[in-house]
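Asker: Following this message is one structure expressed as C-alpha cells.
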Amino acid sequence: MYRRMEFLLGEKSASMLVPHRGAPRVHAELEKALHEPSLYDEVLALLARRGLPVPASVLGRDLAQRYEPSPEVEKVWAGIYADADQNAELVRLGEALSDVAELIWRWRNDHLVATRRAMGSKTGTGGSAGVAWLEKRAQKNVFPELWTARSHV
C-alpha cells in the first residue's frame with residue numbers, strides 16, 4: 001500500500017515495482033498505478049480546465065515518471081494565492097494538498113528516525129540502501145510548486 005500511495009502522490013519509479021515481482025497480483029496493481037494519473041496530475045488538469053495556463057508539456061507528460069517541478073506551474077499557484085479572494089476554492093484545494101504533503105513529510109521523517117534507531121545502516125526492505133534511501137525520500141516534497149509558489153506571493 002505504501003508504494004501505491006507514493007504513486008498516487010506522484011512519486012513514481014518503475015524500480016519501485018522490483019521488490020514486488022514475487023507477488024504477481026500486487027505487482028500488476030502497482031504497474032497499473034504507475035501508468036495512471038497521480039492526484040497532482042488530476043489537480044493540474046483541473047487547473048487547466050479552469051483556464052489557468054498549465055503547460056501542455058506538464059499535462060501530457062509520461063505519467064509513469066516521477067513528477068518534476070515546473071516553473072510555469074509554480075507561477076500558476078502563485079497567481080492563485082496572490083488573488084485568494086477570486087480563487088478561494090482553489091486556495092482551499094492548495095491548502096488541503098499542502099496538509100497532505102506535510103503529513104507525508106512528517107511520516108517519512110518519523111519512519112527515518114525509527115528505522116535509524118532500529119537498524120542503523122543495515123540494508124533496507126527490498127534491498128534498498130535503508131537509512132540512506134529514507135534520508136533522500138525525506139527531503140522530497142510532494143506537490144512541490146505549492147511550497148515554492150509561496151515565495152512569490
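Within each chain, counting starts at residue 1; across the C-alpha cells, chains are named A, B, ... in the order shown, with ligands numbered 1 upward in that order.
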What's the 10 Å shell around range 103-105 of chain A, counting only C-alpha atoms, without same-chain residues fewer than 6 positions away, as a PyMOL selection string?
Answerer: chain A and resi 5-6+9+97+111+137-142
Asker: Env of Arg116 in chain A: 12 Å cut, atoms = only C-alpha atoms, seq-sep filter 4 positions within chain, self excluded. Answer as a PDB file with N, CA and C atoms, in the first residue's frame.
Answerer:
```pdb
ATOM      1  N   ASN A 109       9.767  11.379   7.852  1.00  0.00           N
ATOM      2  CA  ASN A 109      10.794  11.678   8.856  1.00  0.00           C
ATOM      3  C   ASN A 109      10.665  10.784  10.082  1.00  0.00           C
ATOM      4  N   ASP A 110       9.458  10.539  10.522  1.00  0.00           N
ATOM      5  CA  ASP A 110       9.262   9.621  11.649  1.00  0.00           C
ATOM      6  C   ASP A 110       9.762   8.223  11.293  1.00  0.00           C
ATOM      7  N   HIS A 111       9.467   7.785  10.076  1.00  0.00           N
ATOM      8  CA  HIS A 111       9.919   6.475   9.609  1.00  0.00           C
ATOM      9  C   HIS A 111      11.446   6.421   9.552  1.00  0.00           C
ATOM     10  N   LEU A 112      12.045   7.497   9.070  1.00  0.00           N
ATOM     11  CA  LEU A 112      13.503   7.580   9.007  1.00  0.00           C
ATOM     12  C   LEU A 112      14.115   7.432  10.399  1.00  0.00           C
ATOM     13  N   GLY A 120      19.989   0.929  12.248  1.00  0.00           N
ATOM     14  CA  GLY A 120      21.220   1.605  11.835  1.00  0.00           C
ATOM     15  C   GLY A 120      21.358   1.662  10.328  1.00  0.00           C
ATOM     16  N   SER A 121      22.504   1.281   9.832  1.00  0.00           N
ATOM     17  CA  SER A 121      22.773   1.407   8.396  1.00  0.00           C
ATOM     18  C   SER A 121      22.661   0.083   7.641  1.00  0.00           C
ATOM     19  N   LYS A 122      21.932  -0.873   8.202  1.00  0.00           N
ATOM     20  CA  LYS A 122      21.731  -2.152   7.514  1.00  0.00           C
ATOM     21  C   LYS A 122      20.962  -1.943   6.213  1.00  0.00           C
ATOM     22  N   THR A 123      21.057  -2.930   5.334  1.00  0.00           N
ATOM     23  CA  THR A 123      20.290  -2.915   4.098  1.00  0.00           C
ATOM     24  C   THR A 123      18.809  -2.924   4.422  1.00  0.00           C
ATOM     25  N   GLY A 124      18.040  -2.131   3.654  1.00  0.00           N
ATOM     26  CA  GLY A 124      16.617  -1.994   3.934  1.00  0.00           C
ATOM     27  C   GLY A 124      15.756  -2.991   3.188  1.00  0.00           C
ATOM     28  N   ALA A 129      18.941   0.889   0.173  1.00  0.00           N
ATOM     29  CA  ALA A 129      20.063   1.347   0.978  1.00  0.00           C
ATOM     30  C   ALA A 129      19.637   1.684   2.403  1.00  0.00           C
ATOM     31  N   GLY A 130      18.418   1.334   2.782  1.00  0.00           N
ATOM     32  CA  GLY A 130      17.954   1.536   4.149  1.00  0.00           C
ATOM     33  C   GLY A 130      17.863   2.996   4.528  1.00  0.00           C
ATOM     34  N   VAL A 131      18.562   3.372   5.589  1.00  0.00           N
ATOM     35  CA  VAL A 131      18.506   4.734   6.113  1.00  0.00           C
ATOM     36  C   VAL A 131      18.920   5.757   5.050  1.00  0.00           C
ATOM     37  N   ALA A 132      19.940   5.463   4.274  1.00  0.00           N
ATOM     38  CA  ALA A 132      20.379   6.409   3.230  1.00  0.00           C
ATOM     39  C   ALA A 132      19.256   6.670   2.234  1.00  0.00           C
ATOM     40  N   TRP A 133      18.539   5.616   1.854  1.00  0.00           N
ATOM     41  CA  TRP A 133      17.413   5.782   0.921  1.00  0.00           C
ATOM     42  C   TRP A 133      16.301   6.604   1.574  1.00  0.00           C
ATOM     43  N   LEU A 134      16.005   6.313   2.842  1.00  0.00           N
ATOM     44  CA  LEU A 134      14.965   7.054   3.546  1.00  0.00           C
ATOM     45  C   LEU A 134      15.332   8.528   3.718  1.00  0.00           C
ATOM     46  N   GLU A 135      16.612   8.820   3.923  1.00  0.00           N
ATOM     47  CA  GLU A 135      17.043  10.211   4.043  1.00  0.00           C
ATOM     48  C   GLU A 135      16.759  10.975   2.753  1.00  0.00           C
TER      49      GLU A 135
END
```
Asker: Which parts of range 79-111 of chain A does DSSP call helix (DSSP H, G or I) when run on the backbone here, written out as a compact mmCIF listing (two decimals) with N, CA and C atoms, in the first residue's frame?
Answerer:
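So selection_14.txt came out as:
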```txt
# COMPACT_ATOMS: atom_id res chain seq x y z
N GLY A 79 -0.13 32.78 -8.73
CA GLY A 79 -1.25 33.61 -9.16
C GLY A 79 -2.53 33.29 -8.40
N ILE A 80 -2.76 32.03 -8.15
CA ILE A 80 -3.95 31.61 -7.38
C ILE A 80 -3.88 32.21 -5.98
N TYR A 81 -2.73 32.07 -5.33
CA TYR A 81 -2.59 32.58 -3.97
C TYR A 81 -2.54 34.10 -3.91
N ALA A 82 -2.05 34.75 -4.96
CA ALA A 82 -1.97 36.21 -4.97
C ALA A 82 -3.36 36.83 -5.02
N ALA A 88 -10.79 31.51 -4.12
CA ALA A 88 -10.94 30.91 -2.79
C ALA A 88 -11.03 29.39 -2.84
N GLU A 89 -11.77 28.85 -3.78
CA GLU A 89 -11.93 27.40 -3.86
C GLU A 89 -10.59 26.72 -4.19
N LEU A 90 -9.83 27.30 -5.11
CA LEU A 90 -8.53 26.73 -5.48
C LEU A 90 -7.50 26.91 -4.37
N VAL A 91 -7.60 28.00 -3.62
CA VAL A 91 -6.72 28.19 -2.46
C VAL A 91 -7.00 27.10 -1.43
N ARG A 92 -8.28 26.81 -1.19
CA ARG A 92 -8.63 25.74 -0.25
C ARG A 92 -8.09 24.39 -0.74
N LEU A 93 -8.17 24.16 -2.04
CA LEU A 93 -7.62 22.93 -2.61
C LEU A 93 -6.11 22.89 -2.38
N GLY A 94 -5.43 23.99 -2.67
CA GLY A 94 -3.98 24.06 -2.46
C GLY A 94 -3.61 23.83 -1.01
N GLU A 95 -4.39 24.37 -0.10
CA GLU A 95 -4.11 24.18 1.32
C GLU A 95 -4.37 22.74 1.77
N ALA A 96 -5.41 22.13 1.22
CA ALA A 96 -5.68 20.72 1.54
C ALA A 96 -4.53 19.85 1.04
N LEU A 97 -4.04 20.12 -0.17
CA LEU A 97 -2.90 19.37 -0.70
C LEU A 97 -1.65 19.62 0.15
N SER A 98 -1.47 20.85 0.60
CA SER A 98 -0.32 21.18 1.45
C SER A 98 -0.40 20.42 2.77
N ASP A 99 -1.62 20.28 3.31
CA ASP A 99 -1.80 19.49 4.53
C ASP A 99 -1.38 18.05 4.30
N VAL A 100 -1.80 17.47 3.18
CA VAL A 100 -1.41 16.10 2.85
C VAL A 100 0.11 16.01 2.71
N ALA A 101 0.70 16.94 1.99
CA ALA A 101 2.15 16.93 1.78
C ALA A 101 2.90 17.02 3.11
N GLU A 102 2.40 17.86 4.02
CA GLU A 102 3.04 18.00 5.32
C GLU A 102 2.95 16.69 6.11
N LEU A 103 1.80 16.05 6.08
CA LEU A 103 1.64 14.78 6.78
C LEU A 103 2.56 13.71 6.19
N ILE A 104 2.73 13.69 4.89
CA ILE A 104 3.64 12.74 4.24
C ILE A 104 5.07 13.02 4.69
N TRP A 105 5.45 14.30 4.70
CA TRP A 105 6.80 14.68 5.12
C TRP A 105 7.05 14.24 6.57
N ARG A 106 6.06 14.47 7.44
CA ARG A 106 6.21 14.06 8.84
C ARG A 106 6.34 12.55 8.96
N TRP A 107 5.50 11.82 8.22
CA TRP A 107 5.56 10.36 8.27
C TRP A 107 6.91 9.86 7.79
N ARG A 108 7.41 10.42 6.69
CA ARG A 108 8.72 10.00 6.17
C ARG A 108 9.82 10.24 7.20
N ASN A 109 9.77 11.38 7.85
CA ASN A 109 10.79 11.68 8.86
C ASN A 109 10.67 10.78 10.08
N ASP A 110 9.46 10.54 10.52
CA ASP A 110 9.26 9.62 11.65
C ASP A 110 9.76 8.22 11.29
N HIS A 111 9.47 7.79 10.08
CA HIS A 111 9.92 6.48 9.61
C HIS A 111 11.45 6.42 9.55
```
Asker: List the spatial neighbours of Leu30 in chain A as a ChimeraX atom specification - criterion: any atom at most 10 Å away, only C-alpha atoms, same-chain residues fewer than 2 positions off excluded.
Answerer: /A:1,3-5,7,14,16-17,20,24-28,32-36
Asker: Write out, as a JSON list (two decimals), in the first residue's frame, the residues just selected, with N, CA and C atoms.
Answerer:
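Saved result, part.json, follows:
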```json
[["chain", "number", "residue", "atom", "x", "y", "z"],
["A", 1, "MET", "N", 0.82, -1.20, 0.00],
["A", 1, "MET", "CA", 0.00, 0.00, 0.00],
["A", 1, "MET", "C", 0.86, 1.26, 0.00],
["A", 3, "ARG", "N", 3.73, 1.82, -1.50],
["A", 3, "ARG", "CA", 4.14, 2.11, -2.88],
["A", 3, "ARG", "C", 2.98, 2.69, -3.67],
["A", 4, "ARG", "N", 1.81, 2.15, -3.48],
["A", 4, "ARG", "CA", 0.61, 2.66, -4.18],
["A", 4, "ARG", "C", 0.37, 4.11, -3.79],
["A", 5, "MET", "N", 0.51, 4.40, -2.51],
["A", 5, "MET", "CA", 0.32, 5.78, -2.06],
["A", 5, "MET", "C", 1.36, 6.70, -2.69],
["A", 7, "PHE", "N", 2.84, 6.37, -5.54],
["A", 7, "PHE", "CA", 2.45, 6.58, -6.94],
["A", 7, "PHE", "C", 1.30, 7.57, -7.02],
["A", 14, "ALA", "N", 9.61, 3.02, -11.92],
["A", 14, "ALA", "CA", 9.42, 1.60, -12.25],
["A", 14, "ALA", "C", 10.27, 0.72, -11.34],
["A", 16, "MET", "N", 10.51, 0.83, -8.30],
["A", 16, "MET", "CA", 9.76, 0.54, -7.08],
["A", 16, "MET", "C", 8.87, -0.70, -7.24],
["A", 17, "LEU", "N", 8.75, -1.19, -8.46],
["A", 17, "LEU", "CA", 7.98, -2.42, -8.70],
["A", 17, "LEU", "C", 8.81, -3.66, -8.39],
["A", 20, "HIS", "N", 8.34, -6.29, -5.65],
["A", 20, "HIS", "CA", 7.03, -6.95, -5.65],
["A", 20, "HIS", "C", 6.89, -7.98, -6.77],
["A", 24, "PRO", "N", 2.57, -11.57, -7.88],
["A", 24, "PRO", "CA", 2.02, -11.14, -9.17],
["A", 24, "PRO", "C", 0.82, -10.20, -9.08],
["A", 25, "ARG", "N", -0.10, -10.44, -8.17],
["A", 25, "ARG", "CA", -1.27, -9.57, -8.06],
["A", 25, "ARG", "C", -0.87, -8.16, -7.63],
["A", 26, "VAL", "N", -0.03, -8.08, -6.62],
["A", 26, "VAL", "CA", 0.43, -6.77, -6.13],
["A", 26, "VAL", "C", 1.24, -6.07, -7.21],
["A", 27, "HIS", "N", 2.12, -6.80, -7.86],
["A", 27, "HIS", "CA", 2.94, -6.23, -8.93],
["A", 27, "HIS", "C", 2.06, -5.65, -10.04],
["A", 28, "ALA", "N", 1.04, -6.40, -10.44],
["A", 28, "ALA", "CA", 0.15, -5.95, -11.50],
["A", 28, "ALA", "C", -0.62, -4.69, -11.09],
["A", 32, "LYS", "N", -0.14, -1.02, -12.89],
["A", 32, "LYS", "CA", -1.29, -0.25, -13.39],
["A", 32, "LYS", "C", -1.26, 1.16, -12.81],
["A", 33, "ALA", "N", -1.04, 1.26, -11.50],
["A", 33, "ALA", "CA", -0.99, 2.56, -10.83],
["A", 33, "ALA", "C", 0.15, 3.43, -11.35],
["A", 34, "LEU", "N", 1.24, 2.80, -11.73],
["A", 34, "LEU", "CA", 2.39, 3.52, -12.27],
["A", 34, "LEU", "C", 2.00, 4.34, -13.50],
["A", 35, "HIS", "N", 1.08, 3.83, -14.29],
["A", 35, "HIS", "CA", 0.71, 4.47, -15.55],
["A", 35, "HIS", "C", -0.55, 5.33, -15.45],
["A", 36, "GLU", "N", -1.14, 5.40, -14.27],
["A", 36, "GLU", "CA", -2.33, 6.23, -14.06],
["A", 36, "GLU", "C", -1.93, 7.62, -13.58]]
```
Asker: Which residue is closest to Lys12 in chain A? Choose from A:Ala149, A:Leu39, A:Leu47, A:Leu63 and count only C-alpha atoms.
Answerer: A:Leu63
Asker: Using only C-alpha atoms, which protein or nucleic acid residues come within 9 Å of Pro55 in chain A? Drop anything in the same chain fewer than 5 positions from it, and give the result as a short mmCIF file (atom, residue, chain, number, x, y, z; two decimals) with C-alpha atoms, in the first residue's frame.
Answerer:
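The resulting around_12.cif:
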```
data_model
loop_
_atom_site.label_atom_id
_atom_site.label_comp_id
_atom_site.auth_asym_id
_atom_site.auth_seq_id
_atom_site.Cartn_x
_atom_site.Cartn_y
_atom_site.Cartn_z
CA ALA A 48 -6.15 23.76 -16.90
CA GLY A 60 0.89 15.48 -21.50
CA SER A 70 7.65 23.22 -13.34
CA GLU A 72 5.17 27.59 -15.09
CA VAL A 73 3.08 25.58 -12.64
#
```
Asker: In Å, rounded to a single decimal, give me how far CA of Thr148 in chain A is from CA of Pro71 in chain A.
Answerer: 9.3 Å
Asker: Counting only C-alpha atoms, figure out which residue out of A:Val43, A:Ala118, A:Arg49, A:Pro19 gets nearest to Phe143 in chain A.
Answerer: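 Closest candidate: A:Val43.
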Asker: Given only C-alpha atoms as the basis, pick out the residue of A:Glu31, A:Lys75, A:Pro37, A:Leu8 nearest to Trp147 in chain A.
Answerer: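 Among the listed residues, A:Lys75 lies closest to Trp147 in chain A.
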